[in-house]
There are 2 protein chains.
Amino acid sequence: MASHGARGRSGGRPTLEEVAARAGVGRGTVSRVINGSPRVSDATRAAVEAAVAELGYVPNTAARALAANRTDAIALVVPEPETRFFAEPYFSDMLKGVGSELADTEMQLLLIFAGSDRERERLAQYLAAHRVDGVLLVSVHADDPLPDLLSQLEIPAVISGPRSAAESLASVDSDNYGGARSAVEHLLARGCRRIAHITGRLDVYGAQRRVDGYREALRDAGVAVDEDLIEAGDFTEDGGRRAMRELLRRAPDVDAVFAASDVTAAGARQVLREAGRRIPEDVALVGYDDSAIARHMEPPLTSVRQPIEEMGRAMIDLLLTEIADRRPAASRGLERHQVVLATELVERTSS
Amino acid sequence: MASHGARGRSGGRPTLEEVAARAGVGRGTVSRVINGSPRVSDATRAAVEAAVAELGYVPNTAARALAANRTDAIALVVPEPETRFFAEPYFSDMLKGVGSELADTEMQLLLIFAGSDRERERLAQYLAAHRVDGVLLVSVHADDPLPDLLSQLEIPAVISGPRSAAESLASVDSDNYGGARSAVEHLLARGCRRIAHITGRLDVYGAQRRVDGYREALRDAGVAVDEDLIEAGDFTEDGGRRAMRELLRRAPDVDAVFAASDVTAAGARQVLREAGRRIPEDVALVGYDDSAIARHMEPPLTSVRQPIEEMGRAMIDLLLTEIADRRPAASRGLERHQVVLATELVERTSS
DNA sequence: ATCACTTGTGGGAGCGCTCCCACACTACCT
DNA sequence: AGGTAGTGTGGGAGCGCTCCCACAAGTGAT
């Protein structure tokens with residue numbers, strides 16, 4: 001009967017079956033050509049490709065996903081309330097990298113927000129249902145249960161910013177240690193000796209590494225590390241203000257400040273101004289992130305740039321490899337799945 | 001044989017069929033409960049819901065998509081090279097709104113980049129294959145073929161920033177006209193009379209509306225519009241610098257500048273400084289967007305804030321309605337599918 | 001008691017793919 | 001000649017749903 005044909009015909013897009021009929025081959029053969037199997041003769045392949053082109057055939061994703069038990073989709077999980085991630089330039093730059101790398105693929109990108117408890121609940125269900133082939137995780141806290149859930153479910157995942165030196169998930173990070181070192185070495189070269197550091201949130205591994213870089217750069221230069229010159233911040237502007245006030249109280253002779261983020265530096269700058277300290281004459285200032293704020297600050301802020309777009313690309317690379325291997329890196333022992341990318345110090349007039 | 005059962009059992013998640021068996025009902029009934037059909041008795045519904053909870057059942061999206069010919073996914077199409085869209089705060093704020101509104105839904109969000117020609121080609125295929133139920137379109141140019149493609153394919157779509165007053169697609173926009181008016185009225189109230197305007201890209205409808213608001217605010221205040229005080233920009237910082245130089249040359253007596261974006265204002269500010277004009281004493285400055293740059297500028301920039309997060313939410317609302325109605329608004333005549341949201345002037349010390 | 005609805009329910013028939021087994025053919029060995 | 005591998009191909013079975021037809025049971029009018 002033509003009954004089922006009538007349905008398929010009316011406004012519908014061509015199916016595998018129709019391509020097969022047109023090319024005079026079987027369904028299996030068309031499937032093989034579509035999926036790039038080598039077990040097809042050149043002549044047959046050409047015939048099928050011609051039929052595909054003539055009919056404008058596009059595979060039905062849902063049917064494929066159902067039959068093959070894969071989704072051809074990856075999720076970028078965004079911890080929404082984390083304003084830091086949404087801050088310029090992190091989010092958009094990473095998305096640029098992710099997008100450009102994904103452009104060469106059949107993979108599609110899902111954006112999943114995991115802010116509220118309800119959203120996290122939904123995400124867990126989502127992952128349990130294996131509705132994506134892999135997950136990109138950004139700016140995760142040390143105590144976030146998500147990464148462990150992921151490795152437990154054996155879902156390929158890549159994390160940006162490992163939770164610790166012993167991160168079990170594949171990860172991509174910028175060289176926080178080296179970035180901090182370059183900032184401090186720059187200030188030392190400028191002649192500063194009383195260099196303070198306003199840290200980031202210390203439950204973020206990268207923030208710890210920046211402290212390490214700060215300490216060791218001083219040590220290696222033969223400058224004693226003064227604990228009074230280290231004040232905990234939280235990446236925010238407010239935290240920067242608070243920390244700077246504390247630093248001025250404890251160490252009035254401070255002659256440079258290395259802040260763990262640009263907005264933190266902006267907060268510090270305001271307090272320094274109010275205290276009558278000139279930048280950079282009295283106190284040199286260096287930030288981290290090289291955001292729009294750094295460029296537009298008065299004076300323009302020297303800052304450490306992270307190759308965020310490149311990090312996005314690297315994350316996709318890693319993830320696609322894991323998906324191809326069809327199992328998470330965690331179970332593969334200690335292969336090379338920790339990527340660390342170099343930072344760059346962008347010198348401006350604040351130092 | 002147990003052969004197919006073994007496959008389904010091992011590590012697999014429960015299927016509709018298993019839920020049905022557990023609840024002692026048929027497949028159809030479970031499907032009805034899952035999809036909220038009213039044609040189910042309360043007792044049966046309760047039994048099915050219990051079985052669902054016990055088994056931790058989650059419907060298979062692919063199977064549902066295949067059978068029902070819908071995807072439960074919407075796409076946010078991002079014209080990537082358009083740096084304006086990626087600029088703070090537009091992108092992240094809109095995403096926040098979209099995400100929060102989507103949290104109440106089963107819909108998932110796909111991010112599609114339509115920058116290069118190849119990406120656009122892929123997008124067209126994607127849409128032709130009806131792989132999403134609806135599309136969110138942001139910052140589209142007057143001559144972009146995408147919106148027309150969408151209405152031709154009869155895919156529900158909502159555009160942020162209509163292409164013209166006669167936009168046929170459903171749209172959400174902020175009140176560009178009113179926002180510009182409020183900025184100019186503010187400057188007039190401050191006593192300024194030689195108020196210049198650096199426009200945005202004039203192929204963007206919103207930029208035109210801002211010019212309209214500028215003109216009419218002056219006119220209504222009895223101040224003649226001097227064409228020499230209007231200079232075309234393009235939303236960028238560089239454009240702001242260029243335009244400001246031109247304005248200073250043509251109209252050295254300018255006492256206020258209303259810029260179509262904050263970064264444009266930043267560019268203008270730099271040129272004003274270099275020309276020795278003090279802000280706000282000699283020249284008052286007002287921007288548009290209320291971005292991070294506005295808050296951190298020296299002096300902090302008065303700016304027009306758009307309710308971007310709310311716009312994101314409104315877009316989702318509109319889109320979901322269209323999807324529910326299963327046909328694009330274009331074919332429904334001139335119903336109320338143009339949403340315009342109010343702006344707010346954030347006064348700071350630059351004016 | 002008969003007919004006509006209505007309400008709730010079960011289950012067959014697909015949706016468009018992929019997977020895999022079966023089968024022709026063609027080599028190339030013994 | 002009879003085996004033993006390959007190579008390329010067709011098509012059945014099934015993935016887990018939704019849709020819809022069939023049908024049982026209840027309700028009220030005739």
# chains A, B, ... in the order shown; residues from 1 in each chain; ligands from 1
>>> interface_residues(of="chain A", to="chain C", cutoff="7 Å", atoms="only C-alpha atoms (C1' of nucleotides)", output="short mmCIF file (atom, residue, chain, number, x, y, z; two decimals) with C-alpha atoms, in the first residue's frame")
data_model
loop_
_atom_site.label_atom_id
_atom_site.label_comp_id
_atom_site.auth_asym_id
_atom_site.auth_seq_id
_atom_site.Cartn_x
_atom_site.Cartn_y
_atom_site.Cartn_z
CA THR A 15 14.63 9.27 4.27
CA ASN A 60 17.25 12.41 10.98
CA ALA A 63 16.27 8.32 14.54
CA ARG A 64 20.01 8.06 14.57
CA ALA A 67 19.12 3.49 16.94
CA ALA A 68 22.75 4.15 17.75
#
>>> interface_residues(of="chain D", to="chain A", cutoff="7 Å", atoms="only C-alpha atoms (C1' of nucleotides)", output="list in words")
DG8, DT9, DG10 and DC15 of chain D
>>> write_last_selection(atoms="N, CA and C atoms (P, O5', C5', C4', C3', O3' and C1' of nucleotides)", output="PDB file, in the first residue's frame")
ATOM      1  P    DG D   8      35.651  -3.836  -0.704  1.00  0.00           P
ATOM      2  O5'  DG D   8      34.074  -3.945  -0.930  1.00  0.00           O
ATOM      3  C5'  DG D   8      33.629  -4.315  -2.224  1.00  0.00           C
ATOM      4  C4'  DG D   8      32.206  -4.799  -2.140  1.00  0.00           C
ATOM      5  C3'  DG D   8      31.191  -3.739  -1.700  1.00  0.00           C
ATOM      6  O3'  DG D   8      30.384  -3.472  -2.831  1.00  0.00           O
ATOM      7  C1'  DG D   8      30.773  -5.859  -0.700  1.00  0.00           C
ATOM      8  P    DT D   9      29.303  -2.359  -2.836  1.00  0.00           P
ATOM      9  O5'  DT D   9      28.049  -3.116  -2.224  1.00  0.00           O
ATOM     10  C5'  DT D   9      27.488  -4.183  -3.002  1.00  0.00           C
ATOM     11  C4'  DT D   9      26.457  -4.919  -2.191  1.00  0.00           C
ATOM     12  C3'  DT D   9      25.327  -4.065  -1.624  1.00  0.00           C
ATOM     13  O3'  DT D   9      24.249  -4.139  -2.533  1.00  0.00           O
ATOM     14  C1'  DT D   9      25.992  -5.865  -0.179  1.00  0.00           C
ATOM     15  P    DG D  10      22.925  -3.357  -2.278  1.00  0.00           P
ATOM     16  O5'  DG D  10      22.078  -4.426  -1.448  1.00  0.00           O
ATOM     17  C5'  DG D  10      21.631  -5.591  -2.102  1.00  0.00           C
ATOM     18  C4'  DG D  10      20.777  -6.420  -1.156  1.00  0.00           C
ATOM     19  C3'  DG D  10      19.528  -5.708  -0.624  1.00  0.00           C
ATOM     20  O3'  DG D  10      18.424  -6.574  -0.834  1.00  0.00           O
ATOM     21  C1'  DG D  10      20.856  -6.537   1.191  1.00  0.00           C
ATOM     22  P    DC D  15      14.759  -3.533  21.344  1.00  0.00           P
ATOM     23  O5'  DC D  15      15.252  -2.024  21.385  1.00  0.00           O
ATOM     24  C5'  DC D  15      16.627  -1.696  21.365  1.00  0.00           C
ATOM     25  C4'  DC D  15      16.726  -0.214  21.086  1.00  0.00           C
ATOM     26  C3'  DC D  15      15.653   0.594  21.801  1.00  0.00           C
ATOM     27  O3'  DC D  15      16.197   1.071  23.034  1.00  0.00           O
ATOM     28  C1'  DC D  15      15.882   1.255  19.481  1.00  0.00           C
TER      29       DC D  15
END
>>> closest_residue(among="B:Ala292, B:Leu285, B:Val135, B:Met94", to="chain A", atoms="only C-alpha atoms")
B:Ala292
>>> interface_residues(of="chain A", to="chain B", cutoff="9 Å", atoms="only C-alpha atoms", output="PyMOL selection string")
chain A and resi 13+58-67+69+71+80+86-89+91-93+96+99-100+103+108-113+118-119+122+125-126+128-129+131+266+292-293+296-298
>>> select_by_dssp(residues="stretch 210-328 of chain B", states="helix (DSSP H, G or I)", output="PyMOL selection string")
chain B and resi 210-220+227-229+237-250+262-274+292-296+308-325
>>> select_by_dssp(residues="stretch 59-183 of chain B", states="strand (DSSP E)", output="list in words")
Ala73, Ile74, Ala75, Leu76, Val77, Val78, Gln108, Leu109, Leu110, Leu111, Ile112, Phe113, Gly134, Val135, Leu136, Leu137, Val138, Ala157, Val158, Ile159, Ser160, Ala170, Ser171, Val172, Asp173 and Ser174 of chain B
>>> atom_distance(atom1="atom CA of A:Asp253", atom2="atom CA of A:Arg278")
13.2 Å
>>> decode(residues="stretch 160-202 of chain B", atoms="N, CA and C atoms", output="CSV table (one decimal), in the first residue's frame")
chain,number,residue,atom,x,y,z
B,160,SER,N,15.2,39.5,18.5
B,160,SER,CA,15.5,40.5,19.4
B,160,SER,C,16.0,41.7,18.6
B,161,GLY,N,15.3,42.8,18.7
B,161,GLY,CA,15.7,43.9,17.8
B,161,GLY,C,15.1,43.7,16.4
B,162,PRO,N,13.9,44.2,16.2
B,162,PRO,CA,13.2,44.0,14.9
B,162,PRO,C,14.1,44.7,13.8
B,163,ARG,N,13.9,44.2,12.6
B,163,ARG,CA,14.7,44.8,11.6
B,163,ARG,C,14.2,46.1,11.1
B,164,SER,N,12.9,46.3,11.3
B,164,SER,CA,12.3,47.6,10.9
B,164,SER,C,11.0,47.7,11.6
B,165,ALA,N,10.3,48.8,11.4
B,165,ALA,CA,9.0,49.0,12.0
B,165,ALA,C,8.0,48.0,11.5
B,166,ALA,N,8.3,47.4,10.4
B,166,ALA,CA,7.3,46.5,9.8
B,166,ALA,C,7.8,45.0,10.0
B,167,GLU,N,8.6,44.8,11.0
B,167,GLU,CA,9.0,43.4,11.2
B,167,GLU,C,7.9,42.4,11.2
B,168,SER,N,8.0,41.4,10.5
B,168,SER,CA,7.0,40.4,10.4
B,168,SER,C,7.1,39.3,11.4
B,169,LEU,N,8.3,39.1,11.9
B,169,LEU,CA,8.5,38.1,12.9
B,169,LEU,C,8.1,38.6,14.3
B,170,ALA,N,7.8,37.8,15.2
B,170,ALA,CA,7.6,38.2,16.6
B,170,ALA,C,8.9,38.8,17.1
B,171,SER,N,8.8,39.8,17.9
B,171,SER,CA,10.0,40.5,18.3
B,171,SER,C,9.9,41.0,19.7
B,172,VAL,N,11.1,41.1,20.3
B,172,VAL,CA,11.2,41.7,21.6
B,172,VAL,C,12.3,42.8,21.5
B,173,ASP,N,12.0,43.9,22.0
B,173,ASP,CA,13.0,45.0,21.9
B,173,ASP,C,12.9,45.9,23.2
B,174,SER,N,14.0,46.6,23.4
B,174,SER,CA,13.9,47.6,24.5
B,174,SER,C,13.4,48.9,23.7
B,175,ASP,N,13.0,49.9,24.5
B,175,ASP,CA,12.5,51.1,23.9
B,175,ASP,C,13.6,52.0,23.6
B,176,ASN,N,14.2,51.8,22.4
B,176,ASN,CA,15.3,52.6,22.0
B,176,ASN,C,15.0,54.0,21.8
B,177,TYR,N,13.8,54.3,21.3
B,177,TYR,CA,13.3,55.7,21.2
B,177,TYR,C,13.2,56.3,22.5
B,178,GLY,N,12.5,55.7,23.4
B,178,GLY,CA,12.4,56.3,24.8
B,178,GLY,C,13.7,56.4,25.5
B,179,GLY,N,14.5,55.4,25.4
B,179,GLY,CA,15.8,55.4,26.0
B,179,GLY,C,16.6,56.6,25.6
B,180,ALA,N,16.6,56.9,24.3
B,180,ALA,CA,17.4,58.0,23.8
B,180,ALA,C,16.8,59.3,24.3
B,181,ARG,N,15.5,59.4,24.2
B,181,ARG,CA,14.8,60.5,24.7
B,181,ARG,C,15.1,60.9,26.2
B,182,SER,N,15.1,59.8,27.0
B,182,SER,CA,15.4,60.1,28.4
B,182,SER,C,16.9,60.6,28.6
B,183,ALA,N,17.8,60.1,27.8
B,183,ALA,CA,19.2,60.6,27.9
B,183,ALA,C,19.2,62.0,27.5
B,184,VAL,N,18.6,62.4,26.4
B,184,VAL,CA,18.7,63.8,25.9
B,184,VAL,C,17.9,64.7,26.8
B,185,GLU,N,16.8,64.3,27.3
B,185,GLU,CA,16.0,65.1,28.3
B,185,GLU,C,16.8,65.4,29.5
B,186,HIS,N,17.5,64.3,29.9
B,186,HIS,CA,18.4,64.5,31.1
B,186,HIS,C,19.5,65.6,30.8
B,187,LEU,N,20.1,65.5,29.7
B,187,LEU,CA,21.1,66.5,29.3
B,187,LEU,C,20.5,67.9,29.2
B,188,LEU,N,19.3,68.0,28.7
B,188,LEU,CA,18.6,69.3,28.6
B,188,LEU,C,18.4,69.8,30.0
B,189,ALA,N,17.9,69.0,30.8
B,189,ALA,CA,17.6,69.4,32.2
B,189,ALA,C,18.9,69.9,32.9
B,190,ARG,N,20.0,69.3,32.5
B,190,ARG,CA,21.3,69.7,33.1
B,190,ARG,C,21.8,71.1,32.5
B,191,GLY,N,21.0,71.6,31.6
B,191,GLY,CA,21.3,72.9,31.0
B,191,GLY,C,22.1,72.8,29.7
B,192,CYS,N,22.4,71.7,29.2
B,192,CYS,CA,23.1,71.5,27.9
B,192,CYS,C,22.2,71.9,26.8
B,193,ARG,N,22.8,72.6,25.8
B,193,ARG,CA,22.0,73.0,24.6
B,193,ARG,C,22.6,72.5,23.3
B,194,ARG,N,23.9,72.4,23.3
B,194,ARG,CA,24.6,71.9,22.1
B,194,ARG,C,24.9,70.4,22.3
B,195,ILE,N,23.9,69.6,22.2
B,195,ILE,CA,24.0,68.2,22.5
B,195,ILE,C,24.2,67.4,21.2
B,196,ALA,N,25.4,66.7,21.2
B,196,ALA,CA,25.7,65.9,20.0
B,196,ALA,C,25.2,64.5,20.2
B,197,HIS,N,25.1,63.8,19.1
B,197,HIS,CA,24.8,62.3,19.1
B,197,HIS,C,25.7,61.5,18.2
B,198,ILE,N,26.4,60.6,18.8
B,198,ILE,CA,27.2,59.6,18.0
B,198,ILE,C,26.3,58.4,17.9
B,199,THR,N,25.9,58.1,16.7
B,199,THR,CA,24.9,57.1,16.5
B,199,THR,C,25.5,55.7,16.5
B,200,GLY,N,24.7,54.7,16.5
B,200,GLY,CA,25.2,53.3,16.3
B,200,GLY,C,25.2,53.0,14.8
B,201,ARG,N,25.4,51.7,14.5
B,201,ARG,CA,25.3,51.3,13.0
B,201,ARG,C,23.9,51.6,12.5
B,202,LEU,N,23.8,52.4,11.5
B,202,LEU,CA,22.4,52.8,11.1
B,202,LEU,C,21.7,51.7,10.3
